[in-house]
Number of protein chains: 4
Amino acid sequence: MTHHKFEPQIYHTAIGPHQPVLHIEPGDTVSTTTVDAEGKDATNQPITPGGNPQTGPFYINGAELGDTLMVTFDRLAPNRKIGFSAGVIAPNALDLGYVPTFEDNLNQLDWEIDFENNTVSPLAVARLNNLKLPLSPMIGCFGVAPPRGQAISTATSSTHGGNMDYRGFVQGVTVYFSVFVPGALFHIGDGHAVQGDGEIVGTGIEISFDVTFTVQLLKGKTICWPRAENETHIMTFGNARPLDQALQHATSEMVRWLQTGYGLDNRSTHVLLGQVVEYEVGNVFDPAYTIVCKVSKNILADIGASRG
Amino acid sequence: MTHHKFEPQIYHTAIGPHQPVLHIEPGDTVSTTTVDAEGKDATNQPITPGGNPQTGPFYINGAELGDTLMVTFDRLAPNRKIGFSAGVIAPNALDLGYVPTFEDNLNQLDWEIDFENNTVSPLAVARLNNLKLPLSPMIGCFGVAPPRGQAISTATSSTHGGNMDYRGFVQGVTVYFSVFVPGALFHIGDGHAVQGDGEIVGTGIEISFDVTFTVQLLKGKTICWPRAENETHIMTFGNARPLDQALQHATSEMVRWLQTGYGLDNRSTHVLLGQVVEYEVGNVFDPAYTIVCKVSKNILADIGASRG
Amino acid sequence: MTHHKFEPQIYHTAIGPHQPVLHIEPGDTVSTTTVDAEGKDATNQPITPGGNPQTGPFYINGAELGDTLMVTFDRLAPNRKIGFSAGVIAPNALDLGYVPTFEDNLNQLDWEIDFENNTVSPLAVARLNNLKLPLSPMIGCFGVAPPRGQAISTATSSTHGGNMDYRGFVQGVTVYFSVFVPGALFHIGDGHAVQGDGEIVGTGIEISFDVTFTVQLLKGKTICWPRAENETHIMTFGNARPLDQALQHATSEMVRWLQTGYGLDNRSTHVLLGQVVEYEVGNVFDPAYTIVCKVSKNILADIGASRG
Amino acid sequence: MTHHKFEPQIYHTAIGPHQPVLHIEPGDTVSTTTVDAEGKDATNQPITPGGNPQTGPFYINGAELGDTLMVTFDRLAPNRKIGFSAGVIAPNALDLGYVPTFEDNLNQLDWEIDFENNTVSPLAVARLNNLKLPLSPMIGCFGVAPPRGQAISTATSSTHGGNMDYRGFVQGVTVYFSVFVPGALFHIGDGHAVQGDGEIVGTGIEISFDVTFTVQLLKGKTICWPRAENETHIMTFGNARPLDQALQHATSEMVRWLQTGYGLDNRSTHVLLGQVVEYEVGNVFDPAYTIVCKVSKNILADIGASRG
């Protein structure tokens, strides 16, 4: 159960079978940092090319094809005062042909974190002078090396994770990925101080992070799509276009989890999900969109369903 | 401000320019009943063909093209003890080719409401014996006669409302529709005691309702897609396939509402929505899917944005 | 076998259960006219509101729920010299956010038919002075009254036909529709002198037509989606968004046709379609998109498959 | 202008920055072989793991970021007598929930080529005993190493090419790709003796090929999506889901080609495409679907538009 302090020297804008930066054991904890989406560090200086650069990959000793990697986000904390966001809703989220015209080209703007009050406010948008959003740090992009020798851009996501941009990936959450290559090769980056559903301007409030995470290995267990859990819910993730297909992947993965993980039969799975399923929208900006399928842990407890 | 008690004699499975059943004034309240999705009434007897039969249409005196109709759901209450749901997740929400096989053909099952404890439980699903879902009555299908002489099936939805199957259409909510024909012709039906996001089995817990609603008229104001508000949020609705397009309609309508209703300029609208927008999934079962776009009223209050 | 000459007095911009304009017998032929998409007649004068106004409906005596209506387009002929088209590709067919900027706002332009050489040329587009497209008259919108008491806008299409805007609906083609209401109520309108695949500018070369068609009735036979045939192919039509779903409907209907109409078994249907199916793109502009699924009649003849 | 004979020793199931197998000059020709989709060679023996294994990559000397690679398929010829196909239409191409049931599990079947008569016939499907499809060899998967250090599975496609499965990629066609990495790194594989539009069973008639191709380099020219041309048409390719998005990419690329390649202005491009564009459906089976946008070379010649 070593707690590693790791200072990154190199970053990747594709998640793939890169040279590991650190070998760790199941049960180990890593504290490290991530740069922001444009490659700027805690001093707001660009130190690597942009595009959601990832810290890592971390090689988990013993991880191999057929296992599931479990990563808990122990700490996700912005490590500087100024973040930035885009300022125009992407055409992905607006009616076809709906093109906003702007008095000035508002490509990007800065936001300032008030660490004392845990709020975030935009700079230089007069009309929003009184806006103080609750600081809600989340991590946008992370995952494991994909199957088939692939290296997949951190602009997008798939079964291996990637750029899911879901505002629920906050401190305390545990995520699960199938292992496709020896060591799993976990990557992490792209922190947001705040993000709306869908990441519809193409960014959250992008900022560099201090991150601490702990890994575990579930030997001989595989899943099809990323899973996660927080205190109240279990969650499954589908990454695809259109949103319909993302929702299909996420729902199918939840059916599998309830049946193989919680021992529900077909009948009870379908009847239950029909009336209790919750969906959230991850990104609707990246090449693959993300839908989150959630079930309340309380409901599972009520019916006596627990993980074997 | 008359409070009408109306007992329906006829139901419609398309929303269109049918003969009005009652003429009412803006400000009036109507108490009436709706049958369930299969046309069964408070005694659980079939009294009209199924397919989300609608009570109405109600003719609002003075409503004409160019106005907006405002309807507040004062009361939405199941008026019998037994509801029913489907028992199999629709292929719409599962991976292509994912076909559940069942030990028995679970087309439909009954649920019982415990009005004392405000819970709902399935009958005859052994594994779910302890399931007690909070009673959460919502109305699945309602709207006004569509434009262009159309009559549109209550299986689907569009700019006129229709079968949106959103679990947030609960008591206390106010909805808004553009008026397309003289009198607006408001229809309402398809109550659910409980429903999961997406209505992924194709039903909520379907049941007959006592409903009370109050209408208002906003003269000379039009909107593009349905809007609504509850205590905490303003909401806009997009109805289309794929989900992406539904989300585009809903977001565009929210942009318009913030700008023309709340006086935000282009810049502040885009910057704000990017970090605070919330989405919910209405139905992903009907011919048109539904996405809900939401903004917190507290945030609008913080920045001093109010409706003129 | 009466040949009716019918001069329309009224037009509809929704296809639905309107008052029939003429009652005809199976086997009868009708010669009539259609106005262009904007309601202009053979003299290029507006005589009815625009939006693909339909001539009809024609009541086919004896047609009832459970039958299939068969309509052969005996003649589809522009009856004036000047047509018009839109001049900008719709955002439906361009990358998100790809917005063409124009030196002048080219909303609409005229095209002239050279009836001697059977060509069509744009007026006043200098760069296209030498463009002479072969005159290829086709009919954009037609169908029967839809089920469930619906009246559906002629902007869109569904199982009842409607605005499919497929360039293959030319003279000589026979189309098939399920009958949903007594008399079937056939409507027809929206002629094009020429059209590209997809109708990506939102119009073909819109023009008024002389049309002659002959109806037949297949008693006790139903289909799910529109079908058609020309000399070389049988065709099925799916109308929906996204295109994927339109293709799914069209393919499924072709599977049904091959099995119930041509007596192929499951195995040969799937093996055959996999290697010989052809698709064409109808419209990608209207609320529902259209995909055409085709199979060569020669191939069916080669394997000895014929309609029983 | 060397003509290289190359015998592959290694195959890749992702297209990416692999070690080049051969360095060639612009203008050079390569004759080599490809295995079938399952990794079987001209003797029908498996020699490498399946999944559209690629021959290559070939390093084109002088190719660098900012150039366009041009590849002409001089010869595409099956080099054995027996191919195979899947036998069941994929759910991608059928209505949701439409699940064919089969008397026997027809996962795969063999087809035999009659090289004398240039026809292909299925083996052991009694009902199709007389089926003789014209031999129409095409290549399913090829492309260049993608940008951003990615390696992308040969199951799918994107801007770099990949598994487009378009039946029009036949002998004589020239294809164009942007160069993303030094040397371009051209890969090729996945030959089909015949294929239906859409590759709806997930395969064509899969077979090993003798291939000969010639490369050219267009220095300092870039394109966004793959392009091609045959004797009669220029073509652009969009690879994405849903089909709508693939069509958007392909159409936008054609607009760019007509404007920057053929010197058309905005106005003439839009007016022309609106009435002459043709679409074809590549695959609707792979993770990314493919739409082909085509314009007739005769029409371009008629208006005096030529490549500068």
# chains A, B, ... in the order shown; residues from 1 in each chain; ligands from 1

$ interface_residues --of "chain B" --to "chain D" --cutoff "9 Å" --atoms "only C-alpha atoms" --output "count of residues only"
7

$ residues_around --residues "stretch 164-174 of chain C" --least-positions-apart "6" --cutoff "9 Å" --atoms "only C-alpha atoms" --output "ChimeraX atom specification"
/C:70-77,136-142,156-158,190,192,194-199,203-204,227-231,237,239,280-284,286,288-292

$ select_by_dssp --residues "stretch 109-232 of chain C" --states "strand (DSSP E)" --output "ChimeraX atom specification"
/C:109-114,119-122,133-134,138-144,152-153,157-158,161-163,174-178,186-192,206-207,209-218,227-229

$ atom_distance --atom1 "atom CA of C:Lys132" --atom2 "atom CA of C:Asp210"
22.6 Å

$ residues_around --residues "stretch 4-13 of chain D" --least-positions-apart "6" --cutoff "9 Å" --atoms "only C-alpha atoms" --output "PyMOL selection string"
(chain A and resi 148-150) or (chain D and resi 21-22+24+28-35+39+48-57+152-155+187+212)

$ atom_distance --atom1 "atom CA of A:Ile60" --atom2 "atom CA of A:Leu218"
11.7 Å

$ residues_around --residues "D:Leu258" --least-positions-apart "4" --cutoff "9 Å" --atoms "only C-alpha atoms" --output "PyMOL selection string"
chain D and resi 253-254+262-265+269+305+307

$ write_last_selection --atoms "N, CA and C atoms" --output "mmCIF file, in the first residue's frame"
data_model
loop_
_atom_site.group_PDB
_atom_site.id
_atom_site.type_symbol
_atom_site.label_atom_id
_atom_site.label_comp_id
_atom_site.auth_asym_id
_atom_site.auth_seq_id
_atom_site.Cartn_x
_atom_site.Cartn_y
_atom_site.Cartn_z
ATOM 1 N N GLU D 253 -17.052 18.113 -47.743
ATOM 2 C CA GLU D 253 -15.799 17.885 -48.453
ATOM 3 C C GLU D 253 -15.982 18.121 -49.951
ATOM 4 N N MET D 254 -17.148 17.752 -50.471
ATOM 5 C CA MET D 254 -17.396 17.993 -51.898
ATOM 6 C C MET D 254 -17.491 19.495 -52.181
ATOM 7 N N TYR D 262 -11.918 23.020 -58.219
ATOM 8 C CA TYR D 262 -12.517 23.281 -59.529
ATOM 9 C C TYR D 262 -12.869 24.757 -59.722
ATOM 10 N N GLY D 263 -12.553 25.560 -58.747
ATOM 11 C CA GLY D 263 -12.730 26.988 -58.906
ATOM 12 C C GLY D 263 -14.162 27.485 -58.948
ATOM 13 N N LEU D 264 -15.099 26.684 -58.470
ATOM 14 C CA LEU D 264 -16.478 27.172 -58.429
ATOM 15 C C LEU D 264 -16.641 28.163 -57.282
ATOM 16 N N ASP D 265 -17.493 29.150 -57.483
ATOM 17 C CA ASP D 265 -17.786 30.072 -56.382
ATOM 18 C C ASP D 265 -18.898 29.482 -55.518
ATOM 19 N N THR D 269 -21.598 26.538 -56.651
ATOM 20 C CA THR D 269 -21.428 25.266 -55.934
ATOM 21 C C THR D 269 -22.736 24.798 -55.327
ATOM 22 N N ALA D 305 -15.645 23.420 -65.758
ATOM 23 C CA ALA D 305 -14.911 23.394 -64.480
ATOM 24 C C ALA D 305 -13.843 22.309 -64.535
ATOM 25 N N ARG D 307 -9.803 20.924 -62.917
ATOM 26 C CA ARG D 307 -8.849 21.075 -61.816
ATOM 27 C C ARG D 307 -7.669 21.912 -62.273
#

$ atom_distance --atom1 "atom CA of B:Arg256" --atom2 "atom CA of B:His270"
11.0 Å

$ select_by_dssp --residues "stretch 60-172 of chain D" --states "helix (DSSP H, G or I)" --output "MDAnalysis selection string"
chainID D and resid 91:93 126:128

$ write_last_selection --atoms "N, CA, C and O atoms" --output "PDB file, in the first residue's frame"
ATOM      1  N   PRO D  91     -28.297  -6.295 -36.903  1.00  0.00           N
ATOM      2  CA  PRO D  91     -29.376  -5.466 -36.336  1.00  0.00           C
ATOM      3  C   PRO D  91     -29.226  -3.993 -36.723  1.00  0.00           C
ATOM      4  O   PRO D  91     -30.217  -3.252 -36.701  1.00  0.00           O
ATOM      5  N   ASN D  92     -28.021  -3.565 -37.058  1.00  0.00           N
ATOM      6  CA  ASN D  92     -27.811  -2.190 -37.521  1.00  0.00           C
ATOM      7  C   ASN D  92     -28.751  -1.815 -38.653  1.00  0.00           C
ATOM      8  O   ASN D  92     -29.105  -0.644 -38.810  1.00  0.00           O
ATOM      9  N   ALA D  93     -29.111  -2.794 -39.487  1.00  0.00           N
ATOM     10  CA  ALA D  93     -29.877  -2.500 -40.696  1.00  0.00           C
ATOM     11  C   ALA D  93     -31.328  -2.944 -40.611  1.00  0.00           C
ATOM     12  O   ALA D  93     -32.061  -2.862 -41.582  1.00  0.00           O
ATOM     13  N   ALA D 126     -29.662 -23.947 -50.783  1.00  0.00           N
ATOM     14  CA  ALA D 126     -30.445 -24.594 -51.838  1.00  0.00           C
ATOM     15  C   ALA D 126     -31.277 -23.587 -52.630  1.00  0.00           C
ATOM     16  O   ALA D 126     -31.268 -23.577 -53.864  1.00  0.00           O
ATOM     17  N   ARG D 127     -31.936 -22.699 -51.918  1.00  0.00           N
ATOM     18  CA  ARG D 127     -32.858 -21.767 -52.578  1.00  0.00           C
ATOM     19  C   ARG D 127     -32.140 -20.820 -53.536  1.00  0.00           C
ATOM     20  O   ARG D 127     -32.766 -20.215 -54.411  1.00  0.00           O
ATOM     21  N   LEU D 128     -30.818 -20.686 -53.357  1.00  0.00           N
ATOM     22  CA  LEU D 128     -30.054 -19.757 -54.193  1.00  0.00           C
ATOM     23  C   LEU D 128     -29.155 -20.491 -55.178  1.00  0.00           C
ATOM     24  O   LEU D 128     -28.154 -19.945 -55.655  1.00  0.00           O
TER      25      LEU D 128
END

$ closest_residue --among "D:Ser208, D:Glu64, D:Leu185, D:Gln275" --to "D:Ile47" --atoms "only C-alpha atoms"
D:Ser208

$ residues_around --residues "stretch 221-225 of chain C" --least-positions-apart "5" --cutoff "6 Å" --atoms "only C-alpha atoms" --output "VMD selection string"
chain C and resid 66 to 68 159 178
